[in-house]
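What follows is coords_8.txt (compact mmCIF, C-alpha atoms).
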# COMPACT_ATOMS: atom_id res chain seq x y z
CA MET A 1 111.89 114.18 -58.87
CA ASN A 2 111.22 114.60 -62.56
CA ILE A 3 107.51 114.28 -63.33
CA PHE A 4 108.26 113.71 -67.01
CA LEU A 5 110.43 110.72 -66.18
CA VAL A 6 107.54 109.27 -64.17
CA ILE A 7 105.07 109.90 -67.02
CA PHE A 8 107.41 108.37 -69.59
CA GLY A 9 108.03 105.30 -67.42
CA MET A 10 104.32 104.90 -66.75
CA THR A 11 103.62 105.18 -70.49
CA LEU A 12 105.92 102.23 -71.16
CA ALA A 13 104.50 100.34 -68.16
CA THR A 14 100.94 100.69 -69.44
CA TYR A 15 101.56 100.39 -73.18
CA ILE A 16 103.83 97.34 -73.27
CA PRO A 17 101.26 94.98 -71.71
CA ARG A 18 98.62 96.32 -74.11
CA LEU A 19 100.89 96.03 -77.16
CA ALA A 20 102.65 92.72 -76.56
CA PRO A 21 99.59 90.51 -77.26
CA VAL A 22 99.44 91.87 -80.84
CA PHE A 23 102.63 89.94 -81.53
CA ILE A 24 102.31 86.94 -79.25
CA VAL A 25 98.60 86.19 -79.15
CA ASP A 26 98.99 83.11 -81.31
CA LYS A 27 102.27 81.98 -79.81
CA ILE A 28 101.85 81.45 -76.06
CA LYS A 29 99.37 79.98 -73.69
CA LEU A 30 99.65 80.98 -70.03
CA PRO A 31 99.18 78.25 -67.44
CA ASN A 32 95.81 78.38 -65.74
CA TRP A 33 97.08 79.34 -62.29
CA ILE A 34 98.80 82.43 -63.71
CA ASN A 35 95.59 83.42 -65.50
CA GLN A 36 93.70 83.10 -62.21
CA TRP A 37 96.35 85.17 -60.44
CA LEU A 38 96.23 87.90 -63.08
CA LYS A 39 92.45 88.05 -62.82
CA MET A 40 92.66 88.77 -59.09
CA ILE A 41 95.25 91.54 -59.37
CA PRO A 42 92.84 94.44 -60.02
CA PHE A 43 90.85 93.62 -56.87
CA ALA A 44 93.89 93.18 -54.66
CA ALA A 45 95.31 96.42 -56.06
CA LEU A 46 92.10 98.27 -55.25
CA GLY A 47 92.17 96.95 -51.68
CA ALA A 48 95.75 98.09 -51.13
CA LEU A 49 95.05 101.45 -52.76
CA ILE A 50 92.00 102.12 -50.59
CA PHE A 51 93.35 100.95 -47.24
CA PRO A 52 95.15 102.33 -45.28
CA GLY A 53 95.51 105.37 -47.59
CA ILE A 54 91.93 106.46 -47.04
CA LEU A 55 92.69 107.14 -43.37
CA THR A 56 95.23 109.80 -44.33
CA ILE A 57 93.06 112.26 -46.25
CA GLU A 58 92.70 114.30 -43.06
CA LYS A 59 95.99 113.82 -41.26
CA GLU A 60 94.85 114.30 -37.67
CA LEU A 61 91.45 112.65 -38.08
CA PRO A 62 91.35 109.19 -39.71
CA VAL A 63 87.59 109.05 -39.03
CA VAL A 64 86.95 111.65 -41.76
CA GLY A 65 88.29 109.35 -44.47
CA LEU A 66 86.59 106.37 -42.90
CA VAL A 67 83.17 108.02 -43.03
CA GLY A 68 83.79 109.22 -46.60
CA GLY A 69 84.70 105.66 -47.54
CA LEU A 70 81.63 104.18 -45.85
CA VAL A 71 79.35 106.61 -47.68
CA ALA A 72 81.01 105.53 -50.94
CA VAL A 73 80.52 101.85 -50.07
CA VAL A 74 76.83 102.36 -49.27
CA SER A 75 76.09 104.43 -52.38
CA ALA A 76 78.01 101.99 -54.58
CA TYR A 77 76.15 99.10 -52.96
CA PHE A 78 72.85 100.69 -53.95
CA LYS A 79 74.08 100.89 -57.54
CA LEU A 80 74.42 104.66 -57.77
CA HIS A 81 76.41 105.79 -60.79
CA ILE A 82 80.10 106.24 -60.01
CA PHE A 83 79.70 109.98 -60.49
CA TYR A 84 77.21 110.12 -57.58
CA VAL A 85 79.33 107.75 -55.52
CA ILE A 86 82.19 110.25 -55.81
CA LEU A 87 79.94 113.27 -55.20
CA SER A 88 78.26 111.79 -52.10
CA SER A 89 81.61 110.84 -50.68
CA ILE A 90 83.01 114.36 -51.20
CA ALA A 91 79.90 115.80 -49.56
CA ALA A 92 80.32 113.46 -46.58
CA VAL A 93 83.93 114.53 -46.11
CA MET A 94 83.02 118.21 -46.31
CA LEU A 95 80.29 117.68 -43.73
CA MET A 96 82.61 115.73 -41.42
CA LYS A 97 85.16 118.54 -41.57
CA VAL A 98 82.51 121.00 -40.44
CA LEU A 99 81.15 118.75 -37.69
CA VAL A 100 84.30 117.27 -36.18
CA MET B 1 91.79 127.16 -95.07
CA THR B 2 91.33 127.58 -98.85
CA ASN B 3 94.56 125.75 -99.34
CA SER B 4 93.56 122.74 -97.32
CA THR B 5 90.16 122.61 -99.01
CA GLN B 6 91.90 122.59 -102.37
CA ASN B 7 94.24 119.87 -101.22
CA TYR B 8 91.35 117.85 -100.00
CA THR B 9 89.47 118.23 -103.29
CA GLU B 10 92.62 117.39 -105.19
CA LEU B 11 93.15 114.33 -103.09
CA THR B 12 89.63 113.06 -103.47
CA HIS B 13 89.66 113.78 -107.20
CA SER B 14 92.89 111.97 -107.80
CA GLU B 15 92.04 109.12 -105.55
CA LEU B 16 88.45 108.73 -106.60
CA THR B 17 89.47 106.88 -109.70
CA GLN B 18 91.41 104.31 -107.70
CA LEU B 19 89.50 104.32 -104.46
CA ASN B 20 86.12 102.79 -104.18
CA LYS B 21 84.09 105.77 -103.05
CA SER B 22 81.44 103.78 -101.24
CA GLU B 23 84.16 102.01 -99.29
CA PHE B 24 85.49 105.36 -98.10
CA THR B 25 82.13 106.74 -96.92
CA ASN B 26 81.37 103.35 -95.44
CA ASN B 27 84.49 103.50 -93.25
CA ARG B 28 83.56 106.98 -92.12
CA SER B 29 80.04 105.98 -91.20
CA HIS B 30 81.35 102.98 -89.26
CA PHE B 31 83.73 105.32 -87.41
CA LEU B 32 80.91 107.74 -86.56
CA ARG B 33 78.70 104.85 -85.48
CA GLY B 34 81.50 103.80 -83.10
CA ILE B 35 81.77 107.29 -81.64
CA VAL B 36 78.02 107.41 -80.97
CA SER B 37 77.85 103.97 -79.40
CA ALA B 38 80.72 104.82 -77.03
CA PHE B 39 78.37 107.19 -75.21
CA PRO B 40 78.08 105.04 -72.03
CA ILE B 41 81.87 104.92 -71.70
CA VAL B 42 82.16 108.67 -72.29
CA ILE B 43 79.55 109.40 -69.63
CA GLY B 44 81.51 107.25 -67.20
CA TYR B 45 84.90 108.73 -68.07
CA ILE B 46 84.23 112.46 -67.99
CA PRO B 47 83.49 112.86 -64.26
CA ILE B 48 86.44 110.65 -63.31
CA ALA B 49 88.74 112.53 -65.69
CA ILE B 50 87.53 115.83 -64.26
CA SER B 51 88.23 114.55 -60.74
CA PHE B 52 91.69 113.51 -61.86
CA GLY B 53 92.39 116.95 -63.31
CA VAL B 54 91.18 118.69 -60.17
CA ILE B 55 93.07 116.41 -57.78
CA SER B 56 96.30 116.58 -59.75
CA LEU B 57 96.32 120.37 -59.79
CA GLN B 58 95.25 120.61 -56.14
CA ALA B 59 98.16 118.29 -55.36
CA GLY B 60 100.49 120.85 -56.91
CA PHE B 61 101.12 119.50 -60.42
CA ASP B 62 100.82 121.81 -63.38
CA LEU B 63 98.14 121.63 -66.07
CA GLY B 64 100.60 120.59 -68.79
CA SER B 65 101.96 117.50 -67.06
CA THR B 66 98.47 116.58 -65.83
CA VAL B 67 97.03 116.54 -69.36
CA LEU B 68 100.21 114.91 -70.70
CA MET B 69 99.77 112.09 -68.21
CA SER B 70 96.21 111.48 -69.41
CA MET B 71 97.37 111.55 -73.04
CA MET B 72 100.34 109.23 -72.58
CA VAL B 73 99.47 106.91 -69.70
CA TYR B 74 95.68 106.71 -70.26
CA ALA B 75 94.96 104.47 -67.29
CA GLY B 76 92.62 105.94 -64.69
CA ALA B 77 93.49 104.08 -61.52
CA SER B 78 97.25 104.25 -62.20
CA GLN B 79 97.11 107.99 -62.73
CA PHE B 80 95.33 108.58 -59.42
CA MET B 81 97.78 106.20 -57.80
CA ALA B 82 100.76 108.04 -59.30
CA ILE B 83 99.54 111.38 -57.92
CA ASN B 84 98.98 109.72 -54.57
CA MET B 85 102.41 108.09 -54.51
CA LEU B 86 104.15 111.25 -55.71
CA LEU B 87 102.59 113.05 -52.76
CA MET B 88 103.88 110.31 -50.45
CA GLN B 89 107.37 111.00 -51.85
CA ALA B 90 107.54 107.56 -53.48
CA LEU B 91 110.43 106.91 -55.86
CA SER B 92 109.86 107.07 -59.63
CA ILE B 93 110.74 103.41 -60.01
CA GLU B 94 108.18 102.39 -57.38
CA ILE B 95 105.47 104.31 -59.20
CA ILE B 96 106.44 102.78 -62.53
CA ILE B 97 106.54 99.22 -61.15
CA ALA B 98 103.23 99.74 -59.34
CA THR B 99 101.74 101.02 -62.61
CA PHE B 100 103.04 97.98 -64.45
CA ILE B 101 101.57 95.59 -61.89
CA LEU B 102 98.28 97.43 -61.66
CA ASN B 103 97.91 97.47 -65.44
CA PHE B 104 99.22 94.05 -66.25
CA ARG B 105 95.62 92.89 -66.40
CA HIS B 106 95.46 94.78 -69.71
CA PHE B 107 97.82 92.14 -71.05
CA ILE B 108 95.11 89.53 -70.54
CA MET B 109 92.43 91.81 -71.95
CA SER B 110 94.56 92.64 -74.96
CA MET B 111 95.24 88.94 -75.54
CA SER B 112 91.55 88.25 -75.61
CA LEU B 113 90.71 91.26 -77.78
CA MET B 114 93.50 90.67 -80.31
CA ASN B 115 92.33 87.11 -80.56
CA LYS B 116 88.87 88.37 -81.45
CA LEU B 117 90.31 90.77 -84.06
CA ASN B 118 92.77 88.32 -85.56
CA ASN B 119 91.51 88.90 -89.08
CA TYR B 120 93.15 92.37 -89.03
CA PRO B 121 96.81 92.86 -89.97
CA THR B 122 99.37 93.71 -87.28
CA SER B 123 99.70 97.28 -88.61
CA LYS B 124 96.06 97.87 -87.69
CA LYS B 125 96.16 96.09 -84.35
CA VAL B 126 99.16 98.07 -83.06
CA PRO B 127 97.32 101.43 -82.86
CA LEU B 128 94.19 99.76 -81.43
CA SER B 129 96.14 98.21 -78.58
CA PHE B 130 97.10 101.59 -77.11
CA PHE B 131 93.48 102.37 -76.33
CA ILE B 132 92.62 99.23 -74.36
CA THR B 133 91.17 100.00 -70.93
CA ASP B 134 88.92 98.01 -68.59
CA GLU B 135 85.86 99.77 -69.97
CA THR B 136 86.68 99.72 -73.69
CA PHE B 137 87.73 96.09 -73.39
CA ALA B 138 84.49 95.11 -71.67
CA PHE B 139 82.44 97.11 -74.15
CA ILE B 140 84.11 95.75 -77.28
CA SER B 141 84.22 92.19 -75.95
CA LEU B 142 80.46 92.29 -75.51
CA GLN B 143 79.90 93.31 -79.15
CA LYS B 144 78.47 90.64 -81.41
CA GLU B 145 80.85 88.56 -83.49
CA ASP B 146 79.39 89.83 -86.79
CA LYS B 147 80.94 91.94 -89.52
CA GLU B 148 79.34 95.19 -88.39
CA ASP B 149 80.41 94.99 -84.78
CA THR B 150 83.97 93.89 -85.33
CA ASN B 151 84.44 96.44 -88.12
CA TYR B 152 87.83 98.10 -87.69
CA TYR B 153 86.57 101.66 -88.04
CA TYR B 154 83.65 101.03 -85.74
CA ILE B 155 85.98 99.81 -83.00
CA LEU B 156 88.40 102.66 -83.69
CA GLY B 157 85.48 105.11 -83.27
CA ILE B 158 84.62 103.64 -79.85
CA LEU B 159 88.24 103.79 -78.74
CA ILE B 160 88.91 107.33 -79.97
CA ALA B 161 85.71 108.65 -78.36
CA ALA B 162 86.65 107.12 -75.00
CA TYR B 163 90.23 108.42 -75.23
CA SER B 164 89.16 111.94 -76.22
CA SER B 165 86.69 112.16 -73.35
CA TRP B 166 89.43 111.11 -70.92
CA VAL B 167 91.89 113.74 -72.15
CA LEU B 168 89.26 116.46 -72.49
CA GLY B 169 87.82 115.71 -69.03
CA THR B 170 91.31 115.99 -67.54
CA LEU B 171 91.74 119.40 -69.17
CA ILE B 172 88.34 120.59 -67.90
CA GLY B 173 89.17 119.34 -64.40
CA GLY B 174 92.54 121.05 -64.45
CA LEU B 175 90.95 124.33 -65.45
CA LEU B 176 88.20 123.90 -62.82
CA ALA B 177 90.84 123.38 -60.12
CA MET B 178 92.02 126.91 -60.71
CA VAL B 179 88.61 128.33 -59.73
CA ILE B 180 87.52 125.80 -57.08
CA PRO B 181 88.29 127.04 -53.55
CA PRO B 182 90.95 124.93 -51.74
CA SER B 183 88.50 123.88 -49.00
CA ILE B 184 86.38 122.02 -51.56
CA GLY B 185 89.51 120.89 -53.36
CA ASN B 186 90.87 119.33 -50.15
CA SER B 187 87.66 117.41 -49.66
CA MET B 188 88.03 116.09 -53.20
CA SER B 189 91.05 114.03 -52.22
CA ILE B 190 88.45 111.47 -51.11
CA ALA B 191 87.30 111.29 -54.77
CA LEU B 192 89.92 108.81 -55.87
CA TYR B 193 89.15 106.51 -52.96
CA ALA B 194 85.45 106.84 -53.75
CA MET B 195 86.21 105.90 -57.35
CA PHE B 196 88.19 102.83 -56.27
CA ILE B 197 85.34 101.84 -53.95
CA GLY B 198 82.84 102.46 -56.73
CA LEU B 199 84.78 100.04 -58.95
CA LEU B 200 85.25 97.43 -56.24
CA VAL B 201 81.81 97.21 -54.60
CA PRO B 202 79.77 96.01 -57.64
CA ALA B 203 82.36 93.28 -58.33
CA VAL B 204 82.30 92.17 -54.68
CA LYS B 205 78.51 91.98 -54.74
CA ASN B 206 78.82 89.42 -57.53
CA ASP B 207 81.66 87.47 -56.00
CA LEU B 208 82.51 87.68 -52.31
CA LYS B 209 85.95 86.15 -52.88
CA LEU B 210 87.00 89.33 -54.68
CA GLY B 211 86.07 91.26 -51.54
CA ILE B 212 88.04 88.89 -49.35
CA THR B 213 91.05 89.37 -51.61
CA ALA B 214 90.70 93.16 -51.51
CA CYS B 215 90.33 93.21 -47.70
CA LEU B 216 93.31 90.90 -47.29
CA SER B 217 95.33 93.18 -49.54
CA GLY B 218 94.34 96.29 -47.58
CA PHE B 219 95.17 94.51 -44.32
CA LEU B 220 98.60 93.39 -45.61
CA CYS B 221 99.24 96.88 -46.93
CA ALA B 222 98.42 98.46 -43.56
CA ILE B 223 100.90 96.11 -41.83
CA LEU B 224 103.61 96.55 -44.47
CA THR B 225 103.26 100.34 -44.34
CA LEU B 226 104.60 100.19 -40.77
CA PHE B 227 107.89 98.74 -42.03
CA ILE B 228 108.43 99.87 -45.62
CA ASN B 229 107.27 102.88 -47.59
CA SER B 230 103.73 102.86 -48.91
CA GLY B 231 104.74 102.51 -52.59
CA TRP B 232 106.32 99.11 -52.10
CA ALA B 233 103.65 98.19 -49.56
CA ILE B 234 101.01 98.60 -52.30
CA VAL B 235 103.01 96.60 -54.84
CA ILE B 236 103.85 93.71 -52.48
CA SER B 237 100.42 93.41 -50.89
CA THR B 238 98.78 93.46 -54.34
CA LEU B 239 100.93 90.58 -55.59
CA LEU B 240 100.59 88.54 -52.39
CA ALA B 241 96.88 89.02 -51.82
CA SER B 242 95.97 88.32 -55.45
CA LEU B 243 98.02 85.12 -55.40
CA ILE B 244 96.34 83.99 -52.17
CA GLY B 245 92.94 85.06 -53.53
CA SER B 246 93.44 83.07 -56.72
CA LEU B 247 94.34 79.98 -54.67
CA ILE B 248 91.12 80.37 -52.65
CA ILE B 249 89.17 80.42 -55.90
CA LYS B 250 90.88 77.29 -57.15
CA GLU B 251 90.02 75.46 -53.96
CA SER B 252 86.36 76.40 -54.00
CA VAL B 253 85.77 75.63 -57.69

Could I get this structure in the form of structure tokens?
Amino acid sequence: MNIFLVIFGMTLATYIPRLAPVFIVDKIKLPNWINQWLKMIPFAALGALIFPGILTIEKELPVVGLVGGLVAVVSAYFKLHIFYVILSSIAAVMLMKVLV
Amino acid sequence: MTNSTQNYTELTHSELTQLNKSEFTNNRSHFLRGIVSAFPIVIGYIPIAISFGVISLQAGFDLGSTVLMSMMVYAGASQFMAINMLLMQALSIEIIIATFILNFRHFIMSMSLMNKLNNYPTSKKVPLSFFITDETFAFISLQKEDKEDTNYYYILGILIAAYSSWVLGTLIGGLLAMVIPPSIGNSMSIALYAMFIGLLVPAVKNDLKLGITACLSGFLCAILTLFINSGWAIVISTLLASLIGSLIIKESV
């Protein structure tokens, strides 16, 4: 697979939605239900990206990813900065690998 | 060096007569003001960009394409997702479609932002639009509606600072990956999931329906993964769960 093809395609896929409104902002009005749908997409995407992928970070042991994820949830819940959320989660995974 | 200095002096001398000098310095100070005020975004971007650089190189991609991706695609979650999907042997087209779907929200953000900046000509809005991200959108949208805060060069300063920190962080991460031992590097594959969780949890705390949508999507994705490859599973479950989630919202409002 050509990585440059992927990058080029992704560039178009991210830039076109950002650029198009420059030209059409005054011309269209999306129906409300589509607006609502679009608003939910980031959250649904995050859900699908997290699960079940998180179980596969250690192939034989899904529990490693699960614990790493739980640590991230708890530290994010207590409003830690995203940098510390990531760090604590990495630390948890390293610890799990030693223990299990 | 001497040459360019001369050119610069020549340029300023020749243009000084036509150009309003105070206007010129004014634009520059607005631009610098934008760069300084982007500090919260920069602080947020650098660790994530570093993680991206590290993960991408640990996954086997070279430094050049890793930095190129940050320069061209400039969309955090999609870039992590692309690395992830490439590792799962997803097809290029699946990655591109997933990127499009994941980033289509920027269409809405751009609509709102371009509406706010509608006193600027198209030629100025085109370059701005490239730099729209969740964070820059939120930041600029929350600026006051006055002349200072919707100043073109001020906004450009914010956007350029955020973009530079993303690209630079990726480069730093890529270089770090070369010295970080693989055992730590392997544990860093959790980083992207931790970042997704870190983005999701605060939103869910504010609105439980978002959490229900995300859980539904993860559940659908887990089921779909049994039958189709994970690239399409992510795309389909995202579209389905967000549609269902948006219908739940409609009902409860």

Up to 10 Å from (95.5, 76.3, -61.0) in the file's coordinates: name the residues, counting only C-alpha atoms, as a short mmCIF file (atom, residue, chain, number, x, y, z; two decimals) with C-alpha atoms, in the frame of the given file.
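Full text of out_25.cif as output:
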data_model
loop_
_atom_site.label_atom_id
_atom_site.label_comp_id
_atom_site.auth_asym_id
_atom_site.auth_seq_id
_atom_site.Cartn_x
_atom_site.Cartn_y
_atom_site.Cartn_z
CA PRO A 31 99.18 78.25 -67.44
CA ASN A 32 95.81 78.38 -65.74
CA TRP A 33 97.08 79.34 -62.29
CA ILE A 34 98.80 82.43 -63.71
CA ASN A 35 95.59 83.42 -65.50
CA GLN A 36 93.70 83.10 -62.21
CA TRP A 37 96.35 85.17 -60.44
CA SER B 246 93.44 83.07 -56.72
CA LEU B 247 94.34 79.98 -54.67
CA ILE B 249 89.17 80.42 -55.90
CA LYS B 250 90.88 77.29 -57.15
CA GLU B 251 90.02 75.46 -53.96
#

Polymer residues at most 12 Å from A:Val98, all atoms listed in the file, same-chain spacing of 2 or more positions, as a list of chain:residue names: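 The neighbour list is A:Val64, A:Ala91, A:Ala92, A:Val93, A:Met94, A:Leu95, A:Met96, A:Val100, B:Ser183, B:Ile184, B:Ser187.
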
Selected residue of minimal separation from chain A among B:Leu156, B:Ala59, B:Ile96, B:Leu142, counting only C-alpha atoms: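 So, comparing all the options, the nearest one is B:Ile96.
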
Expected answer as an MDAnalysis selection string: chain B residues within 6 Å of chain A, only C-alpha atoms: chainID B and resid 69 72:73 92 96 100 103:104 106:107 110:111 129 187:188 191 193:194 198 213:215 217:218 221:222 234 238 241:243 246

Atomic distance atom CA of B:Leu91 - atom CA of B:Ala77, expressed in Å with one decimal: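 These atoms are spaced 18.1 Å apart.
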
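The interatomic distance for the pair atom CA of B:Ser141 and atom CA of B:Arg33 works out to 16.8 Å.
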
Between atom CA of B:Pro47 and atom CA of B:Pro127 - distance in Å to one decimal: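 Separation between atom CA of B:Pro127 and atom CA of B:Pro47: 25.8 Å.
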
Hey, can I get the axis-aligned box for stretch 59-75 of chain B? All listed atoms, 4 Å padding on each side, centre and edge lengths in Å to one decimal, as JSON.
{"center_x": 98.5, "center_y": 113.1, "center_z": -64.2, "size_x": 15.0, "size_y": 25.3, "size_z": 25.7}

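Compared by their closest atoms to B:Phe131, and using all atoms listed in the file, the residues B:Asn119, B:Ser164, B:Ser37, B:Thr225 rank with B:Ser164 nearest.
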
Contacts of B:Met178 at 10 Å (all atoms listed in the file; same-chain gap of 6+ positions) as a PyMOL selection string: chain B and resi 54+57-58+63+185
